[in-house]
file coords-v7.csv (CSV, C-alpha atoms)
chain,number,residue,atom,x,y,z
A,1,MET,CA,-60.1,48.8,68.5
A,2,LYS,CA,-60.7,49.2,64.8
A,3,PRO,CA,-57.7,48.9,62.4
A,4,SER,CA,-56.7,52.2,60.8
A,5,ARG,CA,-55.5,51.0,57.4
A,6,VAL,CA,-56.5,48.3,54.9
A,7,TYR,CA,-55.0,46.3,52.1
A,8,LEU,CA,-56.7,44.2,49.4
A,9,ASP,CA,-56.0,40.6,48.4
A,10,THR,CA,-55.8,39.8,44.6
A,11,ASN,CA,-59.5,39.2,44.0
A,12,ALA,CA,-60.6,42.3,45.9
A,13,PHE,CA,-58.0,44.3,44.0
A,14,ARG,CA,-59.6,43.2,40.7
A,15,TYR,CA,-63.2,43.7,42.0
A,16,PHE,CA,-62.2,47.3,43.0
A,17,GLY,CA,-61.1,47.7,39.4
A,18,ASN,CA,-64.7,47.1,38.3
A,19,ALA,CA,-66.3,49.2,41.1
A,20,PHE,CA,-64.1,52.3,40.6
A,21,GLU,CA,-63.4,52.2,36.8
A,22,LYS,CA,-65.4,55.4,36.4
A,23,THR,CA,-66.1,56.4,40.0
A,24,GLN,CA,-63.7,57.9,42.5
A,25,LEU,CA,-63.5,56.6,46.1
A,26,ALA,CA,-63.7,59.3,48.8
A,27,THR,CA,-60.3,60.9,49.5
A,28,ASP,CA,-60.4,60.2,53.2
A,29,ILE,CA,-60.7,56.5,52.5
A,30,ARG,CA,-58.2,56.4,49.7
A,31,GLU,CA,-55.5,57.6,52.0
A,32,LYS,CA,-56.1,54.6,54.3
A,33,ILE,CA,-55.5,52.0,51.6
A,34,LEU,CA,-52.1,50.3,51.3
A,35,ILE,CA,-51.1,48.1,48.4
A,36,SER,CA,-50.0,44.6,48.8
A,37,PRO,CA,-47.2,43.8,46.3
A,38,LEU,CA,-48.5,40.2,46.1
A,39,SER,CA,-51.9,41.4,44.9
A,40,ALA,CA,-50.4,44.0,42.5
A,41,PHE,CA,-47.9,41.6,41.0
A,42,GLU,CA,-50.5,38.9,40.6
A,43,VAL,CA,-52.8,41.3,38.7
A,44,PHE,CA,-50.0,42.8,36.7
A,45,ALA,CA,-48.9,39.3,35.5
A,46,GLN,CA,-52.4,38.8,34.1
A,47,LEU,CA,-51.7,41.4,31.5
A,48,GLY,CA,-49.8,38.7,29.7
A,49,ASP,CA,-52.9,36.6,29.2
A,50,GLU,CA,-53.0,35.2,25.6
A,51,ASP,CA,-56.7,36.2,25.5
A,52,GLU,CA,-56.6,39.9,24.4
A,53,THR,CA,-60.1,40.5,25.7
A,54,LYS,CA,-59.2,39.3,29.2
A,55,ALA,CA,-55.9,41.2,29.2
A,56,ASP,CA,-57.6,44.4,28.2
A,57,LEU,CA,-60.1,44.0,31.0
A,58,VAL,CA,-57.2,43.6,33.5
A,59,LEU,CA,-55.6,46.8,32.1
A,60,ARG,CA,-58.8,48.7,32.7
A,61,GLN,CA,-59.0,47.3,36.3
A,62,ILE,CA,-55.4,48.4,36.9
A,63,HIS,CA,-56.1,51.8,35.5
A,64,ALA,CA,-58.9,52.1,38.1
A,65,LEU,CA,-56.2,52.3,40.7
A,66,ARG,CA,-56.2,56.0,40.0
A,67,ASN,CA,-59.7,56.2,41.3
A,68,TRP,CA,-59.4,54.2,44.5
A,69,THR,CA,-55.9,55.2,45.6
A,70,ASP,CA,-53.3,57.7,44.8
A,71,PRO,CA,-50.5,55.8,43.0
A,72,LYS,CA,-48.0,58.6,43.4
A,73,HIS,CA,-48.4,58.6,47.1
A,74,ALA,CA,-49.8,55.2,47.9
A,75,VAL,CA,-48.0,53.2,50.6
A,76,LEU,CA,-46.6,50.0,49.3
A,77,LEU,CA,-46.3,47.1,51.8
A,78,PRO,CA,-43.0,45.4,51.9
A,79,TRP,CA,-42.3,42.1,50.2
A,80,PRO,CA,-43.3,39.3,52.7
A,81,ASP,CA,-39.7,38.3,53.6
A,82,THR,CA,-38.9,41.9,54.4
A,83,MET,CA,-42.2,42.2,56.4
A,84,LEU,CA,-41.2,39.1,58.5
A,85,GLN,CA,-37.8,40.7,59.2
A,86,MET,CA,-39.5,44.0,60.3
A,87,LEU,CA,-42.0,42.2,62.5
A,88,TRP,CA,-39.4,40.0,64.1
A,89,SER,CA,-37.0,42.9,64.9
A,90,GLN,CA,-39.7,45.5,65.4
A,91,LYS,CA,-37.5,47.8,63.3
A,92,HIS,CA,-37.9,49.4,59.9
A,93,VAL,CA,-36.0,47.7,57.1
A,94,GLU,CA,-35.1,49.7,54.0
A,95,ASP,CA,-36.0,48.1,50.7
A,96,ASP,CA,-35.6,51.1,48.4
A,97,ASP,CA,-34.7,49.0,45.4
A,98,PHE,CA,-37.9,47.0,45.6
A,99,ARG,CA,-40.1,50.0,46.1
A,100,GLU,CA,-38.4,51.9,43.3
A,101,ARG,CA,-38.9,49.0,40.8
A,102,MET,CA,-42.5,48.7,42.0
A,103,GLN,CA,-43.1,52.4,41.5
A,104,GLN,CA,-41.7,52.1,38.0
A,105,SER,CA,-44.1,49.3,37.2
A,106,PHE,CA,-47.0,51.4,38.4
A,107,ASN,CA,-45.9,54.4,36.3
A,108,VAL,CA,-45.5,52.3,33.1
A,109,ILE,CA,-48.8,50.5,33.5
A,110,LEU,CA,-50.9,53.5,34.5
A,111,THR,CA,-49.7,55.6,31.6
A,112,ALA,CA,-50.0,52.9,28.9
A,113,ASP,CA,-52.9,53.2,26.6
A,114,SER,CA,-52.6,49.7,25.1
A,115,LEU,CA,-51.4,46.2,26.0
A,116,THR,CA,-48.6,46.0,23.4
A,117,PRO,CA,-45.8,47.8,25.4
A,118,LEU,CA,-46.8,45.9,28.5
A,119,LYS,CA,-46.7,42.3,27.3
A,120,GLN,CA,-43.0,41.7,28.0
A,121,ALA,CA,-43.1,43.3,31.4
A,122,ALA,CA,-46.2,41.2,32.3
A,123,LEU,CA,-44.5,38.0,31.3
A,124,GLN,CA,-41.6,39.0,33.6
A,125,GLN,CA,-44.0,39.7,36.4
A,126,LYS,CA,-45.6,36.3,35.8
A,127,LYS,CA,-42.3,34.5,35.9
A,128,MET,CA,-41.3,36.3,39.1
A,129,MET,CA,-44.6,35.2,40.8
A,130,ASP,CA,-44.3,31.7,39.5
A,131,ASP,CA,-40.7,31.5,40.8
A,132,PHE,CA,-41.8,32.7,44.2
A,133,LYS,CA,-44.7,30.2,44.4
A,134,ASP,CA,-42.4,27.4,43.3
A,135,ALA,CA,-39.8,28.3,45.9
A,136,MET,CA,-42.4,28.5,48.7
A,137,ALA,CA,-44.0,25.2,47.5
A,138,HIS,CA,-40.7,23.4,47.6
A,139,ASP,CA,-40.0,24.7,51.1
A,140,PHE,CA,-43.4,23.5,52.2
A,141,LYS,CA,-42.8,20.1,50.6
A,142,ASN,CA,-39.4,19.8,52.3
A,143,MET,CA,-41.0,20.6,55.7
A,144,LEU,CA,-43.8,18.1,55.0
A,145,ASP,CA,-41.4,15.4,54.0
A,146,ASP,CA,-39.3,16.0,57.2
A,147,LEU,CA,-42.4,15.8,59.4
A,148,LYS,CA,-43.5,12.5,57.8
A,149,LYS,CA,-40.1,11.0,58.3
A,150,GLN,CA,-40.0,12.1,61.9
A,151,GLN,CA,-43.5,10.8,62.7
A,152,GLY,CA,-43.4,7.6,60.7
A,153,LYS,CA,-46.3,6.0,58.9
A,154,LYS,CA,-48.2,5.0,62.0
A,155,GLU,CA,-47.9,8.4,63.7
A,156,THR,CA,-48.8,10.2,60.5
A,157,GLN,CA,-52.2,8.7,60.7
A,158,LYS,CA,-52.6,10.6,64.0
A,159,ALA,CA,-51.6,13.8,62.2
A,160,LYS,CA,-54.2,15.9,64.1
A,161,LEU,CA,-52.0,15.4,67.2
A,162,VAL,CA,-48.8,16.5,65.5
A,163,ASP,CA,-47.4,19.8,66.5
A,164,THR,CA,-46.0,21.4,63.4
A,165,THR,CA,-45.2,24.7,65.0
A,166,ALA,CA,-41.4,24.2,65.5
A,167,PRO,CA,-40.5,23.6,61.8
A,168,TRP,CA,-42.8,26.5,60.9
A,169,PHE,CA,-41.0,28.7,63.4
A,170,ASN,CA,-37.5,27.7,62.1
A,171,GLY,CA,-38.7,28.5,58.6
A,172,ILE,CA,-39.8,32.0,59.6
A,173,ALA,CA,-36.5,32.7,61.3
A,174,LYS,CA,-34.6,31.6,58.2
A,175,ARG,CA,-36.7,33.8,55.9
A,176,ALA,CA,-36.4,36.8,58.2
A,177,LYS,CA,-32.6,36.2,58.3
A,178,VAL,CA,-32.5,36.2,62.1
A,179,ASP,CA,-31.3,34.0,64.9
A,180,ALA,CA,-34.2,31.6,65.9
A,181,ASN,CA,-33.0,31.8,69.5
A,182,SER,CA,-33.7,35.6,69.6
A,183,LYS,CA,-37.4,34.9,70.0
A,184,LYS,CA,-39.5,32.2,71.6
A,185,ILE,CA,-42.0,30.2,69.7
A,186,PRO,CA,-45.1,31.6,71.6
A,187,GLU,CA,-44.0,35.1,70.7
A,188,ALA,CA,-43.9,34.3,67.0
A,189,GLU,CA,-47.2,32.5,67.2
A,190,SER,CA,-48.8,35.6,68.8
A,191,LEU,CA,-47.0,38.0,66.4
A,192,LEU,CA,-48.1,36.0,63.3
A,193,GLY,CA,-51.3,34.5,64.6
A,194,ALA,CA,-53.3,34.4,61.4
A,195,TYR,CA,-50.4,33.3,59.2
A,196,HIS,CA,-49.4,30.6,61.7
A,197,GLU,CA,-53.0,29.2,62.0
A,198,PHE,CA,-53.4,29.1,58.2
A,199,GLU,CA,-50.1,27.3,57.7
A,200,GLN,CA,-50.8,24.8,60.5
A,201,SER,CA,-54.2,24.1,58.8
A,202,LYS,CA,-52.3,23.4,55.5
A,203,LEU,CA,-49.8,21.2,57.2
A,204,GLN,CA,-52.4,19.1,59.1
A,205,THR,CA,-54.4,18.7,55.9
A,206,ALA,CA,-51.3,17.6,54.0
A,207,LEU,CA,-50.3,15.1,56.6
A,208,LEU,CA,-53.7,13.4,56.4
A,209,ILE,CA,-53.7,13.1,52.6
A,210,PRO,CA,-51.2,10.5,51.4
A,211,LYS,CA,-51.1,11.9,47.8
A,212,TYR,CA,-51.1,15.6,48.8
A,213,ASN,CA,-49.0,17.5,46.2
A,214,PRO,CA,-47.7,20.9,47.4
A,215,LEU,CA,-46.7,21.6,43.8
A,216,SER,CA,-50.2,21.3,42.3
A,217,HIS,CA,-51.7,24.4,40.8
A,218,LYS,CA,-54.3,24.8,43.5
A,219,ASN,CA,-51.9,24.3,46.4
A,220,ARG,CA,-49.4,26.7,44.8
A,221,ASN,CA,-52.2,29.4,44.6
A,222,ASP,CA,-52.9,28.8,48.3
A,223,ILE,CA,-49.4,30.2,49.0
A,224,ILE,CA,-50.4,33.7,48.1
A,225,ASP,CA,-53.5,33.6,50.4
A,226,SER,CA,-51.2,32.5,53.2
A,227,GLU,CA,-48.5,35.0,52.5
A,228,GLN,CA,-51.0,37.9,52.5
A,229,LEU,CA,-51.7,37.1,56.2
A,230,ILE,CA,-48.2,38.0,57.2
A,231,TYR,CA,-49.1,41.7,57.0
A,232,LEU,CA,-51.7,41.2,59.8
A,233,GLY,CA,-48.7,41.1,62.1
A,234,ASP,CA,-49.1,44.9,62.0
A,235,PRO,CA,-52.1,45.6,64.3
A,236,SER,CA,-53.0,48.7,62.4
A,237,LEU,CA,-53.9,46.7,59.3
A,238,CYS,CA,-56.9,44.7,58.1
A,239,MET,CA,-57.2,42.7,54.9
A,240,LEU,CA,-60.2,42.9,52.6
A,241,THR,CA,-61.1,39.7,50.7
A,242,ALA,CA,-64.0,37.9,49.0
A,243,ASP,CA,-62.5,34.5,49.8
A,244,LYS,CA,-64.4,32.8,52.6
A,245,ALA,CA,-62.0,29.9,52.6
A,246,ILE,CA,-59.3,32.1,54.1
A,247,LYS,CA,-61.5,33.1,57.0
A,248,SER,CA,-62.5,29.5,57.6
A,249,LYS,CA,-58.8,28.5,58.2
A,250,VAL,CA,-58.2,31.3,60.7
A,251,VAL,CA,-60.6,31.1,63.6
A,252,LYS,CA,-58.6,31.1,66.9
A,253,SER,CA,-56.2,33.9,66.3
A,254,GLU,CA,-57.2,37.4,67.5
A,255,GLN,CA,-56.1,38.6,64.0
A,256,ALA,CA,-59.1,36.7,62.5
A,257,ALA,CA,-61.2,39.8,63.3
A,258,ARG,CA,-59.0,41.8,60.9
A,259,ILE,CA,-59.8,39.5,57.9
A,260,ILE,CA,-62.7,41.3,56.4
A,261,VAL,CA,-64.8,39.1,54.0
A,262,ALA,CA,-67.2,40.8,51.6
A,263,THR,CA,-69.2,39.4,48.7
A,264,PRO,CA,-67.9,39.9,45.2
A,265,GLU,CA,-71.1,41.8,44.4
A,266,ASN,CA,-70.4,44.3,47.2
A,267,LEU,CA,-66.8,44.8,46.1
A,268,ARG,CA,-67.8,45.4,42.5
A,269,ASP,CA,-70.2,48.2,43.5
A,270,ALA,CA,-68.6,51.5,44.3
A,271,THR,CA,-71.1,52.6,47.0
A,272,LYS,CA,-71.2,49.3,48.7
A,273,ALA,CA,-67.4,48.9,48.5
A,274,GLU,CA,-67.0,52.2,50.2
A,275,ALA,CA,-69.5,51.2,52.9
A,276,VAL,CA,-67.5,48.0,53.6
A,277,LEU,CA,-64.3,50.0,53.9
A,278,ARG,CA,-65.8,52.6,56.3
A,279,ASN,CA,-67.3,49.9,58.4
A,280,SER,CA,-64.0,48.0,58.6
A,281,LEU,CA,-62.1,51.1,59.6
A,282,GLY,CA,-64.7,52.7,61.8
A,283,THR,CA,-64.9,55.9,59.8
call {"tool": "encode", "arguments": {"input": "coords-v7.csv", "output": "structure tokens"}}
result
Amino acid sequence: MKPSRVYLDTNAFRYFGNAFEKTQLATDIREKILISPLSAFEVFAQLGDEDETKADLVLRQIHALRNWTDPKHAVLLPWPDTMLQMLWSQKHVEDDDFRERMQQSFNVILTADSLTPLKQAALQQKKMMDDFKDAMAHDFKNMLDDLKKQQGKKETQKAKLVDTTAPWFNGIAKRAKVDANSKKIPEAESLLGAYHEFEQSKLQTALLIPKYNPLSHKNRNDIIDSEQLIYLGDPSLCMLTADKAIKSKVVKSEQAARIIVATPENLRDATKAEAVLRNSLGT
């Protein structure tokens, strides 16, 4: 069965800003697009770029939101921790304060004609995303250090045989603020298949590289790719991306079929981008 709704990762979000800067996406498709707060915050933060030309381009890409979605009625996905809580409990979790703040950000940015009034807000967005990445990177580092201590140097060389699911599972329960005993590990693996597989790939790679640094720029950026996959726990959703690397790390999970990879060229072209969306959603 085809998914009925779609969300964009950060790069796809920006590519759509090129494709729909002057062209409107068909209404029936616009209604099926949800907005990932991770993508939106990442792009909003780029408004603080010291290069005014780059920042101005980002502003135009954000303004294009008005052509590929309806900002006043667009459905905003929950923050990842809240989404984990909802998926685990299978109940709706209110997060009105977050949604209200996000809506305010949209309103300010979409009505601003210049970068000047947005600089301070963009810097705040950047700090928030940097803090989030730092927190997740340190959690990953702690989990990695614990695994290395448990396995010892000799066992670490056999890292491909190491089952890293249990610490991942406990970390999920902690983030979701739930009792880990309320769900069995296989249930969580099935519920968060794509996210689990991506994280296991990261851990296995990290265990095999002695000087692996979770806090490096590249590895911190991988955090956002990983966190985007949490939303695939909702079977009605698919994710649109141009990043082949994400798909390469998720191959066993049934959720892999809902990671839609398109070329940057197709996502920058309004007609081709709409075709990708229609094919993904079966409309």
call {"tool": "closest_residue", "arguments": {"input": "coords-v7.csv", "among": "A:Pro80, A:Gly48, A:Pro37, A:Gly17", "to": "Trp68 in chain A", "atoms": "only C-alpha atoms"}}
result
A:Gly17
call {"tool": "closest_residue", "arguments": {"input": "coords-v7.csv", "among": "A:Leu144, A:Gln61, A:Ile259, A:Gln150", "to": "Thr205 in chain A", "atoms": "all atoms listed in the file"}}
result
A:Leu144
call {"tool": "residues_around", "arguments": {"input": "coords-v7.csv", "residues": "Glu100 in chain A", "least_positions_apart": "6", "cutoff": "12 Å", "atoms": "only C-alpha atoms", "output": "NGL selection string"}}
result
:A and (72 or 76 or 78 or 94 or 106-107)
call {"tool": "residues_around", "arguments": {"input": "coords-v7.csv", "residues": "Gln255 in chain A", "least_positions_apart": "5", "cutoff": "12 Å", "atoms": "all atoms listed in the file", "output": "list in words"}}
result
Met1, Lys2, Pro3, Glu189, Ser190, Leu191, Leu192, Gly193, Ala194, Tyr195, His196, Glu197, Phe198, Leu229, Ile230, Tyr231, Leu232, Gly233, Asp234, Pro235, Ser236, Leu237, Cys238, Met239, Lys247, Lys249, Val250 and Ile260 of chain A
call {"tool": "residues_around", "arguments": {"input": "coords-v7.csv", "residues": "range 133-135 of chain A", "least_positions_apart": "6", "cutoff": "10 Å", "atoms": "only C-alpha atoms", "output": "list in words"}}
result
Lys127, Lys141, Pro214, Leu215, Ser216, His217, Asn219, Arg220, Asn221, Asp222, Ile223 and Ile224 of chain A
call {"tool": "closest_residue", "arguments": {"input": "coords-v7.csv", "among": "A:Val75, A:Glu21, A:Ala121, A:Gln46", "to": "Arg5 in chain A", "atoms": "all atoms listed in the file"}}
result
A:Val75
call {"tool": "residues_near_point", "arguments": {"input": "coords-v7.csv", "point": "(-46.6, 13.0, 49.7)", "cutoff": "9 Å", "atoms": "all atoms listed in the file", "output": "PyMOL selection string"}}
result
chain A and resi 141+144-145+148+206-207+209-214
call {"tool": "closest_residue", "arguments": {"input": "coords-v7.csv", "among": "A:Ile246, A:Ile33, A:Ala176, A:Ala137", "to": "Gln85 in chain A", "atoms": "only C-alpha atoms"}}
result
A:Ala176
call {"tool": "atom_distance", "arguments": {"input": "coords-v7.csv", "atom1": "CA of Ala112 in chain A", "atom2": "CA of Lys272 in chain A"}}
result
29.2 Å
call {"tool": "residues_near_point", "arguments": {"input": "coords-v7.csv", "point": "(-55.8, 40.4, 47.2)", "cutoff": "9 Å", "atoms": "all atoms listed in the file", "output": "list of chain:residue names"}}
result
A:Tyr7, A:Leu8, A:Asp9, A:Thr10, A:Asn11, A:Ala12, A:Phe13, A:Arg14, A:Ser36, A:Leu38, A:Ser39, A:Ala40, A:Glu42, A:Ile224, A:Asp225, A:Gln228, A:Met239, A:Leu240, A:Thr241, A:Ala242
call {"tool": "build_atoms", "arguments": {"input": "coords-v7.csv", "residues": "range 131-149 of chain A", "atoms": "N, CA, C and O atoms", "output": "compact mmCIF listing (two decimals), in the coordinates of the input"}}
result
# COMPACT_ATOMS: atom_id res chain seq x y z
N ASP A 131 -41.93 31.85 40.09
CA ASP A 131 -40.70 31.50 40.80
C ASP A 131 -40.91 31.52 42.30
O ASP A 131 -40.43 30.66 43.05
N PHE A 132 -41.59 32.57 42.74
CA PHE A 132 -41.80 32.70 44.20
C PHE A 132 -42.73 31.60 44.70
O PHE A 132 -42.43 31.00 45.73
N LYS A 133 -43.79 31.29 43.96
CA LYS A 133 -44.70 30.20 44.40
C LYS A 133 -43.94 28.87 44.38
O LYS A 133 -44.12 28.05 45.30
N ASP A 134 -43.12 28.64 43.36
CA ASP A 134 -42.40 27.40 43.30
C ASP A 134 -41.42 27.26 44.49
O ASP A 134 -41.31 26.18 45.09
N ALA A 135 -40.73 28.34 44.82
CA ALA A 135 -39.80 28.30 45.90
C ALA A 135 -40.51 28.01 47.24
O ALA A 135 -40.06 27.18 48.05
N MET A 136 -41.65 28.66 47.46
CA MET A 136 -42.40 28.50 48.70
C MET A 136 -43.01 27.06 48.73
O MET A 136 -43.07 26.42 49.78
N ALA A 137 -43.46 26.57 47.57
CA ALA A 137 -44.00 25.20 47.50
C ALA A 137 -43.00 24.17 47.82
O ALA A 137 -43.28 23.18 48.51
N HIS A 138 -41.79 24.36 47.32
CA HIS A 138 -40.70 23.40 47.60
C HIS A 138 -40.31 23.44 49.08
O HIS A 138 -40.03 22.40 49.67
N ASP A 139 -40.31 24.64 49.66
CA ASP A 139 -40.00 24.70 51.10
C ASP A 139 -41.07 24.00 51.91
O ASP A 139 -40.76 23.31 52.88
N PHE A 140 -42.33 24.16 51.50
CA PHE A 140 -43.40 23.50 52.20
C PHE A 140 -43.29 21.97 52.03
O PHE A 140 -43.50 21.21 52.99
N LYS A 141 -42.95 21.54 50.83
CA LYS A 141 -42.80 20.10 50.60
C LYS A 141 -41.66 19.52 51.43
O LYS A 141 -41.80 18.43 51.99
N ASN A 142 -40.55 20.24 51.53
CA ASN A 142 -39.40 19.80 52.30
C ASN A 142 -39.84 19.65 53.82
O ASN A 142 -39.48 18.69 54.50
N MET A 143 -40.58 20.65 54.30
CA MET A 143 -41.00 20.60 55.70
C MET A 143 -41.99 19.45 55.90
O MET A 143 -41.92 18.74 56.91
N LEU A 144 -42.88 19.22 54.94
CA LEU A 144 -43.80 18.10 55.00
C LEU A 144 -43.14 16.78 55.00
O LEU A 144 -43.45 15.89 55.81
N ASP A 145 -42.15 16.63 54.11
CA ASP A 145 -41.40 15.40 54.00
C ASP A 145 -40.66 15.09 55.32
O ASP A 145 -40.61 13.94 55.79
N ASP A 146 -40.07 16.13 55.92
CA ASP A 146 -39.30 16.00 57.20
C ASP A 146 -40.28 15.52 58.30
O ASP A 146 -39.94 14.64 59.10
N LEU A 147 -41.47 16.12 58.35
CA LEU A 147 -42.40 15.80 59.40
C LEU A 147 -42.88 14.30 59.23
O LEU A 147 -43.02 13.57 60.22
N LYS A 148 -43.10 13.88 58.00
CA LYS A 148 -43.50 12.50 57.80
C LYS A 148 -42.43 11.51 58.16
O LYS A 148 -42.72 10.44 58.72
N LYS A 149 -41.19 11.87 57.90
CA LYS A 149 -40.10 11.00 58.30
C LYS A 149 -39.97 10.88 59.80
O LYS A 149 -39.74 9.82 60.36
